[in-house]
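Here is the structure we will look at.
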Amino acid sequence: MDEWQKKSPLEWEAYLNKLVKVAVVEKHEYEGWVLTVDPVSASIVLATFPENESASISVVLGHAVEEVEILKEGDDEMKQRLSCIFEPEESKVYSPEELEKRKNNLKTWLETNHIPITEQGESGKTLCVAGVLTIDPPYGPEECSSSNEIILSRVQGLIQGYLEKNQ
């Protein structure tokens, strides 16, 4: 029973992105795709994909694991699906051209609404509002930062409204 817990993180890594059957104490079994193994507790985080539902996550506590059997290797599509489970919905990769377009559109919109905006940094990728708030790529409300909570909240609300209107 201690065999699983005595493995090293490098040995556990061999189980990532694979469909496994985990036998635990009292003859219970769990099946799923290995997302990760906790290096401290040896607990296994499994993902399953019930039909027409989003991923279901379960954790098998490391001390209860008796045996782990690999049933199937994950293909590239499954690896991608597993890697996206904990990413926020908005998390998207933008090309440099898309980022430039998003920046210019937001800058134009803010200027149209009489909000003072400048570009900062060597490459001009950061937008600065009135010298007290910055907006980094990809130019959404989450990328705003300011020490002034009132300005931060208001500009985030404006950007959120702008994005919802233009989608």
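As shown in the structure tokens, the chain order sets the letters A, B, ...; within each chain, residues go from 1, and ligands are also counted from 1 in the order they appear.
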
Near-Val40 of chain A list (12 Å; only C-alpha atoms; drop same-chain fewer than 6 positions) as an NGL selection string: :A and (5-9 or 12 or 61-63)

DSSP alpha helix (DSSP H) residues within chain A, as a ChimeraX atom specification: /A:9-13,76-83,96-112,149-165

Limited to N, CA and C atoms, could you put the picked residues into a file as a compact mmCIF listing (two decimals), in the first residue's frame?
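Here's the written file out33.txt:
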```
# COMPACT_ATOMS: atom_id res chain seq x y z
N PRO A 9 8.22 12.30 -7.53
CA PRO A 9 7.43 13.10 -8.48
C PRO A 9 7.74 12.75 -9.94
N LEU A 10 8.98 12.42 -10.24
CA LEU A 10 9.31 12.04 -11.61
C LEU A 10 8.62 10.74 -12.01
N GLU A 11 8.47 9.83 -11.07
CA GLU A 11 7.76 8.58 -11.37
C GLU A 11 6.27 8.85 -11.56
N TRP A 12 5.70 9.74 -10.74
CA TRP A 12 4.28 10.09 -10.87
C TRP A 12 4.02 10.80 -12.19
N GLU A 13 4.99 11.55 -12.68
CA GLU A 13 4.83 12.29 -13.93
C GLU A 13 4.49 11.36 -15.09
N ASP A 76 -3.04 13.94 -28.28
CA ASP A 76 -2.84 15.39 -28.19
C ASP A 76 -4.13 16.12 -27.87
N GLU A 77 -5.24 15.65 -28.44
CA GLU A 77 -6.54 16.29 -28.18
C GLU A 77 -6.91 16.18 -26.71
N MET A 78 -6.69 15.00 -26.11
CA MET A 78 -7.02 14.80 -24.70
C MET A 78 -6.09 15.63 -23.81
N LYS A 79 -4.82 15.70 -24.16
CA LYS A 79 -3.88 16.51 -23.37
C LYS A 79 -4.32 17.97 -23.38
N GLN A 80 -4.75 18.45 -24.53
CA GLN A 80 -5.23 19.83 -24.65
C GLN A 80 -6.49 20.03 -23.80
N ARG A 81 -7.39 19.08 -23.87
CA ARG A 81 -8.64 19.15 -23.12
C ARG A 81 -8.36 19.19 -21.61
N LEU A 82 -7.42 18.34 -21.17
CA LEU A 82 -7.07 18.30 -19.75
C LEU A 82 -6.38 19.59 -19.31
N SER A 83 -5.53 20.13 -20.16
CA SER A 83 -4.79 21.33 -19.77
C SER A 83 -5.71 22.55 -19.67
N PRO A 96 -0.18 38.68 -32.08
CA PRO A 96 0.25 40.08 -31.92
C PRO A 96 -0.65 41.06 -32.68
N GLU A 97 -1.14 40.64 -33.84
CA GLU A 97 -2.03 41.51 -34.61
C GLU A 97 -3.36 41.71 -33.89
N GLU A 98 -3.90 40.63 -33.30
CA GLU A 98 -5.16 40.74 -32.57
C GLU A 98 -5.00 41.64 -31.35
N LEU A 99 -3.86 41.49 -30.64
CA LEU A 99 -3.61 42.33 -29.47
C LEU A 99 -3.51 43.80 -29.86
N GLU A 100 -2.83 44.07 -30.95
CA GLU A 100 -2.69 45.45 -31.42
C GLU A 100 -4.06 46.03 -31.77
N LYS A 101 -4.90 45.22 -32.41
CA LYS A 101 -6.24 45.66 -32.79
C LYS A 101 -7.09 45.93 -31.54
N ARG A 102 -7.02 45.00 -30.56
CA ARG A 102 -7.77 45.18 -29.31
C ARG A 102 -7.33 46.45 -28.59
N LYS A 103 -6.00 46.66 -28.53
CA LYS A 103 -5.45 47.85 -27.87
C LYS A 103 -5.94 49.12 -28.56
N ASN A 104 -5.82 49.16 -29.88
CA ASN A 104 -6.22 50.36 -30.63
C ASN A 104 -7.71 50.63 -30.53
N ASN A 105 -8.52 49.57 -30.61
CA ASN A 105 -9.98 49.75 -30.49
C ASN A 105 -10.36 50.28 -29.11
N LEU A 106 -9.75 49.71 -28.05
CA LEU A 106 -10.06 50.17 -26.70
C LEU A 106 -9.58 51.61 -26.51
N LYS A 107 -8.38 51.91 -27.00
CA LYS A 107 -7.83 53.27 -26.87
C LYS A 107 -8.74 54.27 -27.57
N THR A 108 -9.16 53.96 -28.78
CA THR A 108 -10.05 54.84 -29.53
C THR A 108 -11.36 55.05 -28.79
N TRP A 109 -11.92 53.97 -28.26
CA TRP A 109 -13.19 54.06 -27.54
C TRP A 109 -13.05 54.92 -26.29
N LEU A 110 -11.96 54.72 -25.54
CA LEU A 110 -11.75 55.52 -24.34
C LEU A 110 -11.57 57.00 -24.69
N GLU A 111 -10.81 57.28 -25.76
CA GLU A 111 -10.62 58.67 -26.20
C GLU A 111 -11.93 59.30 -26.64
N THR A 112 -12.77 58.54 -27.34
CA THR A 112 -14.08 59.01 -27.79
C THR A 112 -14.94 59.40 -26.59
N GLU A 149 -8.79 52.38 -5.74
CA GLU A 149 -9.86 51.39 -5.91
C GLU A 149 -11.08 51.94 -6.64
N ILE A 150 -11.40 53.19 -6.41
CA ILE A 150 -12.58 53.79 -7.05
C ILE A 150 -12.37 53.89 -8.55
N ILE A 151 -11.23 54.43 -8.96
CA ILE A 151 -10.92 54.53 -10.39
C ILE A 151 -10.84 53.14 -11.01
N LEU A 152 -10.18 52.22 -10.31
CA LEU A 152 -10.04 50.85 -10.82
C LEU A 152 -11.42 50.24 -11.09
N SER A 153 -12.30 50.33 -10.12
CA SER A 153 -13.64 49.76 -10.26
C SER A 153 -14.42 50.38 -11.41
N ARG A 154 -14.35 51.69 -11.54
CA ARG A 154 -15.11 52.38 -12.59
C ARG A 154 -14.58 52.07 -13.97
N VAL A 155 -13.26 52.07 -14.13
CA VAL A 155 -12.69 51.78 -15.45
C VAL A 155 -12.93 50.31 -15.81
N GLN A 156 -12.83 49.41 -14.84
CA GLN A 156 -13.13 48.00 -15.12
C GLN A 156 -14.57 47.84 -15.59
N GLY A 157 -15.49 48.56 -14.94
CA GLY A 157 -16.90 48.52 -15.35
C GLY A 157 -17.09 49.05 -16.76
N LEU A 158 -16.40 50.15 -17.09
CA LEU A 158 -16.49 50.70 -18.44
C LEU A 158 -15.97 49.71 -19.48
N ILE A 159 -14.82 49.11 -19.21
CA ILE A 159 -14.23 48.16 -20.17
C ILE A 159 -15.11 46.93 -20.31
N GLN A 160 -15.68 46.46 -19.20
CA GLN A 160 -16.57 45.30 -19.27
C GLN A 160 -17.78 45.61 -20.15
N GLY A 161 -18.36 46.79 -19.95
CA GLY A 161 -19.50 47.21 -20.79
C GLY A 161 -19.12 47.34 -22.25
N TYR A 162 -17.94 47.90 -22.51
CA TYR A 162 -17.44 48.04 -23.88
C TYR A 162 -17.27 46.67 -24.54
N LEU A 163 -16.66 45.73 -23.80
CA LEU A 163 -16.43 44.39 -24.37
C LEU A 163 -17.74 43.66 -24.64
N GLU A 164 -18.70 43.79 -23.72
CA GLU A 164 -20.00 43.11 -23.90
C GLU A 164 -20.75 43.70 -25.10
N LYS A 165 -20.66 45.00 -25.26
CA LYS A 165 -21.34 45.68 -26.38
C LYS A 165 -20.73 45.30 -27.72
```

Identify all residues of segment 124-162 of chain A in strand (DSSP E or B) (DSSP on the backbone) and supply them as a list in words. Thr126, Leu127, Cys128, Val129, Leu133, Thr134, Ile135, Cys144 and Ser145 of chain A

Which residue is closest to Glu73 of chain A? Choose from A:Val34, A:Pro116, A:Asp136, A:Gly121 and count only C-alpha atoms.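 Nearest to Glu73 of chain A: A:Val34.
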
Find the residues around Ala64 of chain A up to 9 Å (only C-alpha atoms counted), leave out those fewer than 2 positions away in its own chain, and share them as a PyMOL selection string. chain A and resi 1-2+23-25+43+60-62+66

Could you take the residues named above and write them with N, CA and C atoms, as a CSV table (one decimal), in the first residue's frame?
```
chain,number,residue,atom,x,y,z
A,1,MET,N,0.8,-1.2,0.0
A,1,MET,CA,0.0,0.0,0.0
A,1,MET,C,0.9,1.3,0.0
A,2,ASP,N,2.0,1.2,0.7
A,2,ASP,CA,2.9,2.4,0.7
A,2,ASP,C,3.6,2.6,-0.5
A,23,ALA,N,-7.0,1.4,-7.8
A,23,ALA,CA,-7.6,0.5,-6.8
A,23,ALA,C,-7.2,1.1,-5.4
A,24,VAL,N,-8.2,1.2,-4.6
A,24,VAL,CA,-7.9,1.8,-3.2
A,24,VAL,C,-8.4,0.8,-2.2
A,25,VAL,N,-8.1,1.1,-0.9
A,25,VAL,CA,-8.5,0.2,0.2
A,25,VAL,C,-9.9,-0.2,0.1
A,43,SER,N,-1.8,12.2,-3.4
A,43,SER,CA,-3.2,12.2,-3.9
A,43,SER,C,-3.2,12.4,-5.4
A,60,VAL,N,-8.3,11.2,-5.3
A,60,VAL,CA,-8.1,10.0,-4.6
A,60,VAL,C,-7.0,10.2,-3.7
A,61,LEU,N,-7.2,10.1,-2.4
A,61,LEU,CA,-6.2,10.4,-1.4
A,61,LEU,C,-5.1,9.3,-1.5
A,62,GLY,N,-3.9,9.9,-1.4
A,62,GLY,CA,-2.7,9.1,-1.6
A,62,GLY,C,-2.5,7.9,-0.7
A,66,GLU,N,-3.8,1.7,-3.5
A,66,GLU,CA,-3.1,0.4,-3.5
A,66,GLU,C,-2.4,0.1,-4.8
```

Distance in Å - atom CA of Thr48 of chain A versus atom CA of Leu19 of chain A: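 Rounded to one decimal, the two atoms are 9.2 Å apart.
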
Between atom CA of Pro50 of chain A and atom CA of Gly74 of chain A - distance in Å to one decimal: 16.8 Å

Mind giving me the straight-line distance from atom CA of Thr118 of chain A to atom CA of Val93 of chain A in Å, one decimal?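 Taking atom CA of Thr118 of chain A as the start and atom CA of Val93 of chain A as the end point, the length is 24.3 Å.
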
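Residue nearest Lys27 of chain A within the list A:Pro39, A:Tyr94, A:Ser54, A:Val65: A:Val65 [criterion: smallest interatomic distance, only C-alpha atoms].
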
Polymer residues at most 10 Å from Lys72 of chain A, only C-alpha atoms, same-chain spacing of 4 or more positions, as a ChimeraX atom specification: /A:17-21,33

For a quick check of understanding, using only C-alpha atoms, which of A:Ser58, A:Thr36, A:Thr134, A:Gln167 has the smallest distance to Ser147 of chain A? A:Thr134
